[in-house]
Each structure stands twice: as C-alpha cells, then as structure tokens.
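Here is the file target.txt (compact mmCIF, C-alpha atoms).
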```txt
# COMPACT_ATOMS: atom_id res chain seq x y z
CA GLY A 649 96.43 106.12 97.78
CA LEU A 650 96.32 106.07 101.61
CA GLY A 651 98.10 103.07 103.12
CA CYS A 652 99.23 102.20 99.60
CA GLY A 653 101.57 99.36 100.56
CA GLY A 654 103.23 98.11 97.38
CA GLY A 655 100.66 99.92 95.25
CA GLN A 656 99.39 96.87 93.35
CA LYS A 657 95.72 97.61 93.93
CA ASP A 658 96.18 101.29 93.16
CA ALA A 659 98.04 100.41 89.94
CA ARG A 660 95.14 98.27 88.72
CA LEU A 661 92.80 101.17 89.36
CA LEU A 662 95.17 103.60 87.62
CA LYS A 663 95.12 101.39 84.52
CA ARG A 664 91.32 101.51 84.44
CA LEU A 665 91.32 105.29 84.82
CA HIS A 666 94.08 105.73 82.26
CA ALA A 667 92.00 103.83 79.71
CA LEU A 668 89.30 106.49 80.08
CA GLY A 669 91.69 109.22 78.93
CA GLY A 670 92.69 112.49 80.56
CA GLU A 671 95.62 113.28 82.85
CA ILE A 672 96.06 111.20 85.98
CA PHE A 673 98.20 112.16 88.97
CA TYR A 674 99.05 109.71 91.74
CA THR A 675 100.11 110.27 95.36
CA PRO A 676 101.16 106.97 96.99
CA CYS A 677 101.01 107.48 100.74
CA ASP A 678 102.26 105.10 103.42
CA VAL A 679 103.90 105.18 106.84
CA ALA A 680 106.88 103.25 105.42
CA VAL A 681 109.28 105.00 103.06
CA ALA A 682 110.13 101.69 101.39
CA MET A 683 106.50 100.86 100.62
CA THR A 684 105.83 104.35 99.29
CA LEU A 685 108.76 104.05 96.89
CA VAL A 686 107.66 100.57 95.80
CA ALA A 687 104.17 101.94 95.05
CA ARG A 688 105.76 104.75 93.04
CA GLN A 689 107.76 102.21 91.02
CA THR A 690 104.65 100.10 90.43
CA ALA A 691 102.71 103.12 89.15
CA LEU A 692 105.47 103.99 86.67
CA SER A 693 104.15 101.21 84.44
CA VAL A 694 100.99 103.28 83.98
CA ILE A 695 101.79 106.99 84.30
CA PRO A 696 104.94 109.15 83.94
CA GLU A 697 107.13 109.84 86.96
CA ASP A 698 106.41 113.58 86.73
CA TYR A 699 102.79 112.76 87.59
CA ILE A 700 103.61 110.82 90.76
CA PHE A 701 104.03 112.60 94.12
CA PRO A 702 104.97 110.17 96.94
CA LEU A 703 104.00 111.15 100.48
CA VAL A 704 105.24 109.50 103.69
CA CYS A 705 103.06 109.99 106.78
CA ASP A 706 101.49 108.17 109.71
CA LEU A 707 97.72 108.47 109.43
CA ALA A 708 97.34 107.66 113.11
CA THR A 709 99.20 110.81 114.14
CA ALA A 710 99.08 113.12 111.10
CA ASP A 711 96.98 116.26 111.54
CA SER A 712 97.81 118.22 108.39
CA ILE A 713 97.63 115.72 105.53
CA ALA A 714 94.78 117.71 103.94
CA ASP A 715 96.97 120.83 103.91
CA THR A 716 99.83 118.81 102.43
CA LEU A 717 97.72 117.50 99.56
CA VAL A 718 96.62 121.04 98.73
CA LEU A 719 100.27 121.81 97.94
CA SER A 720 100.35 119.12 95.25
CA PRO A 721 100.75 120.36 91.64
CA ALA A 722 97.55 118.45 90.92
CA ALA A 723 95.58 120.05 93.77
CA HIS A 724 93.05 121.48 91.30
CA ALA A 725 92.00 118.04 90.03
CA PRO A 726 89.10 116.02 91.43
CA ARG A 727 90.51 113.44 93.84
CA LEU A 728 89.81 109.74 94.17
CA ILE A 729 91.19 108.65 97.55
CA THR A 730 91.76 104.92 98.05
CA PHE A 731 91.97 103.26 101.44
CA PHE A 732 92.21 99.53 100.87
CA GLY A 733 92.50 97.04 103.74
CA MET A 734 93.06 99.70 106.40
CA ILE A 735 89.78 100.70 108.06
CA PRO A 736 89.43 97.51 110.17
CA ASN A 737 92.67 98.34 112.00
CA PHE A 738 91.82 101.93 112.93
CA GLU A 739 89.54 103.23 115.64
CA PRO A 740 86.50 104.64 113.76
CA GLN A 741 86.45 107.83 115.81
CA ASP A 742 90.09 108.46 114.86
CA ILE A 743 90.19 107.65 111.13
CA LEU A 744 86.74 108.64 109.86
CA PRO A 745 87.07 112.35 110.76
CA LYS A 746 90.41 112.44 108.92
CA LEU A 747 88.92 110.84 105.84
CA ALA A 748 85.99 113.27 105.94
CA GLN A 749 88.46 116.14 106.15
CA LEU A 750 90.24 114.93 103.01
CA ILE A 751 87.11 114.53 100.89
CA ARG A 752 86.16 117.81 99.20
CA PRO A 753 82.93 118.36 97.23
CA GLY A 754 83.48 116.54 93.95
CA ASP A 755 86.03 114.11 95.44
CA TRP A 756 85.53 110.37 95.94
CA LEU A 757 86.59 107.85 98.58
CA LEU A 758 87.04 104.18 97.63
CA PHE A 759 87.76 101.84 100.52
CA SER A 760 87.40 98.23 101.58
CA ALA A 761 86.07 96.88 104.87
CA ASN A 762 85.95 93.47 106.50
CA LEU A 763 82.37 92.37 107.10
CA ALA A 764 80.46 90.03 109.36
CA PRO A 765 78.47 87.80 106.98
CA GLY A 766 74.78 87.05 107.38
CA GLN A 767 71.85 88.89 108.91
CA ASP A 768 72.90 88.25 112.53
CA TYR A 769 75.83 90.57 113.27
CA ALA A 770 77.02 88.77 116.39
CA ALA A 771 76.79 85.35 114.75
CA GLY A 772 78.64 86.66 111.72
CA VAL A 773 81.59 87.82 113.82
CA GLU A 774 81.66 84.46 115.61
CA ARG A 775 81.70 82.78 112.20
CA ILE A 776 84.87 84.55 111.04
CA LEU A 777 86.74 84.21 114.36
CA PRO A 778 88.56 80.98 113.27
CA GLN A 779 90.19 82.98 110.45
CA TYR A 780 92.19 84.68 113.20
CA ASN A 781 92.18 82.14 116.03
CA ASN A 782 94.52 79.57 114.54
CA PRO A 783 98.17 78.50 114.95
CA LEU A 784 99.44 80.28 111.82
CA THR A 785 98.03 83.66 112.85
CA SER A 786 99.23 83.20 116.43
CA GLU A 787 102.75 82.48 115.18
CA TRP A 788 102.68 85.52 112.88
CA LEU A 789 101.62 87.83 115.72
CA LEU A 790 104.03 86.27 118.19
CA THR A 791 106.98 87.05 115.90
CA PHE A 792 106.77 90.71 116.93
CA LEU A 793 107.30 89.90 120.61
CA LEU A 794 109.95 87.27 119.93
CA ASP A 795 111.95 89.88 118.02
CA LEU A 796 111.87 92.06 121.15
CA GLY A 797 113.24 89.32 123.36
CA VAL A 798 110.03 87.79 124.75
CA GLU A 799 110.22 83.99 125.07
CA ARG A 800 107.48 81.58 124.05
CA SER A 801 107.40 80.29 127.61
CA ASP A 802 106.52 83.79 128.89
CA GLY A 803 102.84 83.39 128.01
CA GLU A 804 100.38 82.76 125.20
CA VAL A 805 98.37 84.50 122.48
CA ARG A 806 94.60 84.55 123.05
CA PHE A 807 91.86 85.69 120.69
CA ARG A 808 88.43 86.99 121.58
CA ILE A 809 85.58 89.14 120.30
CA GLU A 810 85.32 92.54 121.92
CA ASP A 811 82.15 94.64 122.03
CA MET A 812 82.82 98.34 121.60
CA ALA A 813 79.82 99.98 123.23
CA SER A 814 80.86 103.48 122.14
CA THR A 815 80.55 102.58 118.45
CA GLY A 816 78.15 99.64 118.42
CA LEU A 817 80.82 97.62 116.62
CA LYS A 818 82.51 94.33 117.37
CA ARG A 819 86.14 93.53 116.73
CA VAL A 820 88.46 90.56 116.94
CA VAL A 821 91.38 91.17 119.28
CA ALA A 822 94.56 89.21 119.99
CA ASP A 823 96.40 89.68 123.27
CA PHE A 824 99.54 88.15 124.69
CA HIS A 825 98.91 87.03 128.28
CA PHE A 826 102.06 86.90 130.38
CA THR A 827 102.41 83.96 132.75
CA GLY A 828 105.86 84.96 133.98
CA SER A 829 108.13 87.98 134.33
CA ARG A 830 110.00 89.52 131.42
CA GLN A 831 111.88 92.77 130.86
CA VAL A 832 111.88 94.18 127.33
CA GLU A 833 114.19 96.96 126.17
CA VAL A 834 113.20 99.11 123.18
CA GLU A 835 115.47 101.96 122.08
CA GLY A 836 117.01 102.23 125.52
CA GLU A 837 113.70 102.18 127.42
CA CYS A 838 112.87 99.21 129.63
CA PHE A 839 109.41 97.71 130.07
CA ASP A 840 108.71 95.21 132.86
CA TYR A 841 105.96 92.62 132.47
CA ARG A 842 104.71 90.26 135.15
CA SER A 843 102.34 87.34 135.32
CA GLY A 844 98.82 88.53 134.57
CA ASP A 845 99.88 91.45 132.37
CA VAL A 846 98.29 91.66 128.92
CA PHE A 847 99.88 93.07 125.76
CA ARG A 848 97.59 94.01 122.85
CA LEU A 849 98.96 92.60 119.58
CA PHE A 850 96.16 93.14 117.09
CA PHE A 851 92.57 94.16 116.52
CA SER A 852 90.30 94.12 113.49
CA TYR A 853 86.84 95.68 113.37
CA ARG A 854 84.06 93.89 111.53
CA TYR A 855 81.28 95.90 109.92
CA THR A 856 78.09 95.26 107.99
CA PRO A 857 77.10 97.37 104.97
CA GLU A 858 74.50 99.04 107.16
CA LEU A 859 77.05 99.85 109.86
CA VAL A 860 79.43 101.28 107.27
CA ARG A 861 76.71 103.61 106.00
CA ALA A 862 75.67 104.67 109.50
CA HIS A 863 79.22 105.49 110.60
CA LEU A 864 80.02 107.42 107.43
CA GLN A 865 76.83 109.45 107.72
CA GLY A 866 77.96 110.54 111.17
CA TYR A 867 80.85 112.34 109.47
CA GLY A 868 78.98 113.78 106.52
CA MET A 869 79.82 111.05 104.00
CA GLN A 870 77.51 108.75 102.08
CA VAL A 871 77.92 105.47 100.21
CA VAL A 872 76.89 105.80 96.57
CA ASP A 873 77.85 102.28 95.47
CA GLN A 874 79.21 99.05 96.92
CA TRP A 875 80.60 95.72 95.73
CA LEU A 876 80.32 92.70 98.04
CA ALA A 877 82.49 89.60 97.80
CA GLY A 878 80.68 86.32 97.23
CA SER A 879 81.46 85.27 100.79
CA ALA A 880 79.89 88.51 102.10
CA GLU A 881 82.98 88.85 104.30
CA GLU A 882 84.45 91.85 102.51
CA ALA A 883 83.22 94.76 100.41
CA VAL A 884 84.45 97.83 98.59
CA PHE A 885 82.52 101.09 99.06
CA LEU A 886 82.47 104.19 96.88
CA CYS A 887 81.68 107.30 98.91
CA ARG A 888 81.47 111.08 98.71
CA LYS A 889 80.43 113.99 100.87
CA GLY A 890 76.75 113.91 101.70
```

Represent the supplied structure as structure tokens.
Amino acid sequence: GLGCGGGQKDARLLKRLHALGGEIFYTPCDVAVAMTLVARQTALSVIPEDYIFPLVCDLATADSIADTLVLSPAAHAPRLITFFGMIPNFEPQDILPKLAQLIRPGDWLLFSANLAPGQDYAAGVERILPQYNNPLTSEWLLTFLLDLGVERSDGEVRFRIEDMASTGLKRVVADFHFTGSRQVEVEGECFDYRSGDVFRLFFSYRYTPELVRAHLQGYGMQVVDQWLAGSAEEAVFLCRKG
C-alpha cells in the first residue's frame, strides 16, 4: 500500500481479498512513521500481525524500494500495489517509472486519479478549479507558511491552471505571492523573500481516462479495468505490465 496514510482504504480491500481465501500479506508504506503504524493497526482487524510488514520511505526520493520489497518474506506472492489519492501530486515523469519498476509480470497496480470531467479537457479543468480556489482551501494551504513565521500581510495565495507542455497535462497550482519582505528560518537555515517572490504551495494534476492510458503505456503498463465516479471527476484504474 504505497502512500497508505491511515490504511482505511487498504483495509477495505484486504477484507474483500480475505473473503476470497488464501494467505494475504500486507506492506503499509508511507513517508510518515506514524501513518505507517496506524495503517498497520488498522490492518490487524483483518490479518495477523505476522503477515504485516510496515515500510517507511519517501517515494519522491527512494531509488531502491523494489529491492526492499524483494526482501519481504512474502516476496514470492503475486503483488497488488495500491496507490490511492497520490498520483495527482507527483510529476508523472518521476512517479510512473518507479511504479513500472515495482510491477512484475503477474502483479497488479490499483490507483486512483483526479479527472477533468466532460469531453473538453480544458473546459473540464476550468470546471473543477473552484474546488481549489476558495477561502477554505486557501486557509488550509496558508497554515504551512504561518507555522514557519510568515504573516498574512506578507502576501496572498493565488490559484491558476498550468499547462505542462512536456506531458500534455494540465494541473491546478497554488502559489503564495509575496508583497513584502520576510525572512524564514528552517532548521537553522535562513530564507529571504521579497516583494514579487513566489512560493509554490501545491499542485494537482488532472487527467482523463485516455490520458491515464497513454501515460501508462509510455512506461509499459496497461489499464485492464476502470471505475469512474458518477461525477466523472475521479476514477480507480486496475493496471498491469503490458
């Protein structure tokens, strides 16, 4: 379970698999130790603790996660790798090669992606922009900077749609635009910001089912099934090596 968080979604899936019989092993994996342990605790309601192998790693920087999983006592078993709610916040050229490296012949990848609804991709992204560009989301994102010592009067959060020519994708981005000077200290290192400087707070890619398939094919993976939400703004994809 990559980016397992609290493990609630993985636990629901484990229950379904457990009902089919056979032995099930679970590796909750997250960048946060606390979340990984919470996911382990959640899974204990379904499978024994001896069948759970927590793994803490940062997918953005990890290079050897495939080698690490090979060391698992359950390395011989076919793997179902989940990646729920994570792909929109990774650069495709960074995360897709890592996922392709993890998927062996006979393994499966189950992940969710945020979508742009409708037949017009650009219009679909414009349609979902208000889900991000609102006071509640701005306040949530601003909390990060406020905790570092930035003042509300130092600038403002702005949202926009960014075209990524290298991938053919669009994403929603949120930046903090400084209108004054501010020095921020993090772990003994000082960062100076001046009026006109921009700090990236957030981005979220939006796909279509067709764009998901095209990008996966570029890394040797194919979609074998998909489930779209009624709003057509999110979907879950089941994939394997091509």

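Candidate residues A:Ile729, A:Cys652, A:Leu789, A:Ala659 were compared for distance to Leu886 (chain A), and the nearest is A:Ile729, using only C-alpha atoms.
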
Please put the answer as lines of an AutoDock Vina configuration file: centre and edge lengths, in Å with one decimal, of a box along x, y and z that encloses all listed atoms of region 713-719 of chain A plus 6 Å on each side.
```
center_x = 97.5
center_y = 118.8
center_z = 101.7
size_x = 17.5
size_y = 18.1
size_z = 19.6
```

All residues 10 Å or closer to Arg688 (chain A), all atoms listed in the file, same chain fewer than 3 positions away omitted, as a ChimeraX atom specification:
/A:652,654-655,659,674-677,682-685,691-693,695,697,700-703

How many Å lie between CA of Gly772 (chain A) and CA of Ala880 (chain A), rounded to one decimal?
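Straight-line distance from CA of Gly772 (chain A) to CA of Ala880 (chain A) works out to 9.9 Å.
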
Write out as a PDB file with C-alpha atoms, keeping the file's coordinate frame the residues lying within 10 Å of Gln870 (chain A), counting all atoms listed in the file and excluding same-chain residues fewer than 3 positions away.
```pdb
ATOM      1  CA  LEU A 757      86.590 107.850  98.580  1.00  0.00           C
ATOM      2  CA  VAL A 860      79.430 101.280 107.270  1.00  0.00           C
ATOM      3  CA  ARG A 861      76.710 103.610 106.000  1.00  0.00           C
ATOM      4  CA  ALA A 862      75.670 104.670 109.500  1.00  0.00           C
ATOM      5  CA  HIS A 863      79.220 105.490 110.600  1.00  0.00           C
ATOM      6  CA  LEU A 864      80.020 107.420 107.430  1.00  0.00           C
ATOM      7  CA  GLN A 865      76.830 109.450 107.720  1.00  0.00           C
ATOM      8  CA  GLY A 866      77.960 110.540 111.170  1.00  0.00           C
ATOM      9  CA  TYR A 867      80.850 112.340 109.470  1.00  0.00           C
ATOM     10  CA  ASP A 873      77.850 102.280  95.470  1.00  0.00           C
ATOM     11  CA  PHE A 885      82.520 101.090  99.060  1.00  0.00           C
ATOM     12  CA  LEU A 886      82.470 104.190  96.880  1.00  0.00           C
ATOM     13  CA  CYS A 887      81.680 107.300  98.910  1.00  0.00           C
ATOM     14  CA  ARG A 888      81.470 111.080  98.710  1.00  0.00           C
ATOM     15  CA  LYS A 889      80.430 113.990 100.870  1.00  0.00           C
ATOM     16  CA  GLY A 890      76.750 113.910 101.700  1.00  0.00           C
TER      17      GLY A 890
END
```

Tell me which of A:Pro740, A:Gly669, A:Pro778, A:Gly803 sits closest to Phe847 (chain A), counting all atoms listed in the file.
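For Phe847 (chain A), the nearest of the given residues is A:Gly803.
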
Ser829 (chain A) proximity check over A:Gly844, A:Gly816, A:Gly670, A:Pro696, using only C-alpha atoms: winner is A:Gly844

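Ranking A:Tyr769, A:Trp875, A:Phe807, A:Phe738 by their shortest atom-to-atom distance to Phe824 (chain A), with all atoms listed in the file included, puts A:Phe807 first.
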
Identify which of the residues A:Val821, A:Leu794, A:Ala771, A:Val872 lies closest to Asn737 (chain A), counting all atoms listed in the file when measuring atom-to-atom distances.
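Checking each candidate against Asn737 (chain A), we get A:Val821 as the closest.
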
For a quick check of understanding, using all atoms listed in the file, which of A:Leu717, A:Ala770, A:Leu728, A:Ala813 has the smallest distance to Leu758 (chain A)?
A:Leu728

What is the CA of Gln749 (chain A) to CA of His666 (chain A) distance in Å?
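About the pair CA of Gln749 (chain A) and CA of His666 (chain A): they are 26.7 Å apart.
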
Just to confirm, what's the straight-line distance from CA of Gly649 (chain A) to CA of Glu882 (chain A) in Å (one decimal)?
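The value is 19.2 Å.
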
Do you know which residues are at most 7 Å from region 705-712 of chain A counting all atoms listed in the file, after dropping those on the same chain fewer than 4 positions away, and could you put them as JSON, numbers by chain?
{"A": [677, 678, 679, 716]}

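All residues of protein, DNA or RNA that reach within 9 Å of region 723-726 of chain A, judged by all atoms listed in the file and not counting those fewer than 2 positions away in the chain, are Ile672, Phe673, Leu717, Val718, Leu719, Ser720, Pro721, Leu728, Arg752, Pro753, Gly754, Asp755 and Trp756 of chain A.
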
Residues within 12 Å of Trp788 (chain A), only C-alpha atoms, excluding chain neighbours under 6 positions, as a count of residues only:
9
